[in-house]
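Structure record follows, encoded as structure tokens.
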Amino acid sequence: MRSGNVFGHRADSGEIVSSAAVIPYGDSGSVQSAALGMVIVDSKARRRGLGEALVREAIRWASNSQPPVPLSLIATLIGLPLYEKLGFRTVETLHKFVAPTNVPTSAVTSHANDRRLAPLDERLTNTVIDLDAAAFGYRRDCLLGHRIDQAKTGCVLFEGAAATGYGLLVRQGELAVLGPIIAPNDDAALAIVAALTANSDGPFRIDLPARQKSLFPVLESLGFEEDDKPPIMLRGVKETAARPKHYYAIAAQAFA
């Protein structure tokens, strides 16, 4: 809620019965993209058009930005027809993996001699935000600042003297969510996963775009099981904003 614009409906009684969040991204002073998430309607208030009204409000906000900005979201199967009706299109699939408490991190071996992982602290915050911007395509200073504050643990990957990746582990209910994870290659991404899970209790969750499918068999060998495959959708641009290969795990589905 601190990272974006959250809105919804109240019943006549004052009870909140719906919500949605628009999370803006971009350079300081300008919005270049936004994510739509937390589109929720209370079960007793459904079939009244509230969900469509929420999405239309988000589209209005994005369209009225100067210049207008694209909206991204990660859809549920229930919401998919509505999003398609309102002009969103599927550009990729997200793969959600969940593992039990124990992840055999000792099975992860690194093949880089000059690689080291450092704990994420305040001195490295700006480095992480810059790495994220290069991988994600837009700056997410506000979101990442709050997410780092929430994180139970975080690490920064160095190869030689250069920072080349990072990862966060954030508690979300009973789950320990791994993400975002930025890394130069699969080997480095796995090293970050191992570092984040080594001294943490699960169950663990990690959400990866389909383009990272080379990592799926390795995660399954560590005890992760695929739990869901929601579509990643986009509205407002003709071409998909291609993100570099080193954008591995997302922060959370609410932040697309």
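Chain lettering (A, B, ...) mirrors the order of the structure tokens, residue numbering begins at 1 for each chain separately, and ligand numbering begins at 1 in order of display.
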Taking a cut-off of 10 Å and counting only C-alpha atoms, can you build a table that, for each residue of region 107-178 of chain A near region 28-36 of chain A, reports the nearest atom pair and how far apart they are in Å (one decimal), sorted by chain then residue number, as CSV?
residue,atom,partner,partner_atom,distance
A:Gly137,CA,A:Ser33,CA,9.4
A:Tyr138,CA,A:Gln32,CA,7.1
A:Arg139,CA,A:Ser28,CA,8.5
A:Arg140,CA,A:Ser28,CA,9.8
A:Asp141,CA,A:Ser28,CA,8.7
A:Cys142,CA,A:Ser28,CA,10.0
Contacts of Asp201 (chain A) at 8 Å (only C-alpha atoms; same-chain gap of 4+ positions) as a PyMOL selection string: chain A and resi 101-102+176+197
Could you give me, as an mmCIF file with N, CA and C atoms, in the first residue's frame, the residues within 9 Å of region 67-73 of chain A, counting only C-alpha atoms and dropping anything in the same chain fewer than 3 positions from it?
data_model
loop_
_atom_site.group_PDB
_atom_site.id
_atom_site.type_symbol
_atom_site.label_atom_id
_atom_site.label_comp_id
_atom_site.auth_asym_id
_atom_site.auth_seq_id
_atom_site.Cartn_x
_atom_site.Cartn_y
_atom_site.Cartn_z
ATOM 1 N N VAL A 22 -2.507 0.136 -8.093
ATOM 2 C CA VAL A 22 -1.672 0.488 -9.235
ATOM 3 C C VAL A 22 -0.308 0.903 -8.693
ATOM 4 N N VAL A 31 6.520 8.734 -14.600
ATOM 5 C CA VAL A 31 6.016 7.359 -14.577
ATOM 6 C C VAL A 31 6.152 6.793 -15.985
ATOM 7 N N GLN A 32 6.768 5.619 -16.108
ATOM 8 C CA GLN A 32 6.985 5.005 -17.416
ATOM 9 C C GLN A 32 6.208 3.715 -17.605
ATOM 10 N N SER A 33 5.778 3.119 -16.501
ATOM 11 C CA SER A 33 5.029 1.860 -16.551
ATOM 12 C C SER A 33 4.316 1.707 -15.218
ATOM 13 N N ALA A 34 3.357 0.779 -15.157
ATOM 14 C CA ALA A 34 2.662 0.529 -13.897
ATOM 15 C C ALA A 34 2.170 -0.908 -13.866
ATOM 16 N N ALA A 35 2.083 -1.445 -12.666
ATOM 17 C CA ALA A 35 1.554 -2.789 -12.461
ATOM 18 C C ALA A 35 0.208 -2.697 -11.766
ATOM 19 N N LEU A 36 -0.724 -3.532 -12.180
ATOM 20 C CA LEU A 36 -2.038 -3.628 -11.553
ATOM 21 C C LEU A 36 -2.093 -4.920 -10.761
ATOM 22 N N GLY A 37 -2.412 -4.817 -9.480
ATOM 23 C CA GLY A 37 -2.477 -6.012 -8.643
ATOM 24 C C GLY A 37 -3.507 -5.859 -7.537
ATOM 25 N N ALA A 58 -8.192 1.660 -13.092
ATOM 26 C CA ALA A 58 -6.749 1.549 -13.288
ATOM 27 C C ALA A 58 -6.359 1.952 -14.717
ATOM 28 N N ILE A 59 -7.159 1.525 -15.690
ATOM 29 C CA ILE A 59 -6.900 1.890 -17.090
ATOM 30 C C ILE A 59 -7.032 3.403 -17.270
ATOM 31 N N TRP A 61 -6.491 5.686 -15.018
ATOM 32 C CA TRP A 61 -5.303 6.302 -14.400
ATOM 33 C C TRP A 61 -4.109 6.207 -15.341
ATOM 34 N N ALA A 62 -3.889 5.019 -15.935
ATOM 35 C CA ALA A 62 -2.747 4.830 -16.834
ATOM 36 C C ALA A 62 -2.896 5.671 -18.090
ATOM 37 N N SER A 63 -4.133 5.772 -18.602
ATOM 38 C CA SER A 63 -4.381 6.534 -19.828
ATOM 39 C C SER A 63 -4.230 8.032 -19.615
ATOM 40 N N ASN A 64 -4.524 8.502 -18.401
ATOM 41 C CA ASN A 64 -4.442 9.923 -18.103
ATOM 42 C C ASN A 64 -3.053 10.376 -17.687
ATOM 43 N N PHE A 88 -6.317 -6.251 -22.322
ATOM 44 C CA PHE A 88 -5.051 -6.862 -21.917
ATOM 45 C C PHE A 88 -4.790 -8.098 -22.776
ATOM 46 N N PRO A 231 -1.138 -16.355 -16.338
ATOM 47 C CA PRO A 231 -0.650 -15.558 -17.466
ATOM 48 C C PRO A 231 -0.167 -14.177 -17.026
ATOM 49 N N ILE A 232 0.916 -13.709 -17.634
ATOM 50 C CA ILE A 232 1.381 -12.332 -17.493
ATOM 51 C C ILE A 232 0.758 -11.537 -18.632
ATOM 52 N N MET A 233 0.077 -10.437 -18.305
ATOM 53 C CA MET A 233 -0.670 -9.694 -19.319
ATOM 54 C C MET A 233 -0.194 -8.244 -19.382
ATOM 55 N N LEU A 234 -0.416 -7.634 -20.533
ATOM 56 C CA LEU A 234 0.054 -6.277 -20.785
ATOM 57 C C LEU A 234 -1.011 -5.520 -21.565
ATOM 58 N N ARG A 235 -1.128 -4.229 -21.265
ATOM 59 C CA ARG A 235 -2.060 -3.368 -21.995
ATOM 60 C C ARG A 235 -1.410 -2.006 -22.218
ATOM 61 N N GLY A 236 -1.525 -1.494 -23.438
ATOM 62 C CA GLY A 236 -1.098 -0.134 -23.680
ATOM 63 C C GLY A 236 0.148 0.030 -24.517
ATOM 64 N N VAL A 237 0.772 -1.071 -24.941
ATOM 65 C CA VAL A 237 1.917 -0.989 -25.845
ATOM 66 C C VAL A 237 1.757 -2.051 -26.917
ATOM 67 N N GLN A 253 3.282 -11.440 -7.153
ATOM 68 C CA GLN A 253 2.305 -11.302 -8.228
ATOM 69 C C GLN A 253 1.554 -9.974 -8.157
ATOM 70 N N ALA A 254 1.421 -9.394 -6.978
ATOM 71 C CA ALA A 254 0.737 -8.108 -6.856
ATOM 72 C C ALA A 254 1.511 -6.980 -7.519
ATOM 73 N N PHE A 255 2.826 -7.178 -7.722
ATOM 74 C CA PHE A 255 3.671 -6.148 -8.321
ATOM 75 C C PHE A 255 4.037 -6.457 -9.768
ATOM 76 N N ALA A 256 3.459 -7.528 -10.352
ATOM 77 C CA ALA A 256 3.674 -7.920 -11.738
ATOM 78 C C ALA A 256 5.145 -7.851 -12.131
#
Polymer residues at most 12 Å from Ser214 (chain A), only C-alpha atoms, same-chain spacing of 6 or more positions, as a list in words: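 Neighbouring residues, sequence-local ones excluded: Asn185, Asp186, Asp187, Ala189, Leu190, Leu208, Glu220, Lys245 and Tyr248 of chain A.
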Expected answer as an NGL selection string: strand (DSSP E) residues in region 68-245 of chain A: :A and (71-74 or 89-99 or 115-119 or 153-159 or 162-172 or 175-182 or 204-209 or 225-228 or 231-235)
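What separates CA of Asp114 (chain A) from CA of Ala134 (chain A) is a distance of 22.2 Å.
Going from CA of Pro104 (chain A) to CA of Ala198 (chain A) covers 8.4 Å.
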Distance of CA of Gln150 (chain A) from CA of Phe7 (chain A), expressed in Å to one decimal place: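 Separating CA of Phe7 (chain A) from CA of Gln150 (chain A) is a distance of 22.4 Å.
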Contact residues around Lys96 (chain A) with only C-alpha atoms at 9 Å, ignoring same-chain residues under 4 positions, as a VMD selection string: chain A and resid 205 to 209 225 to 230
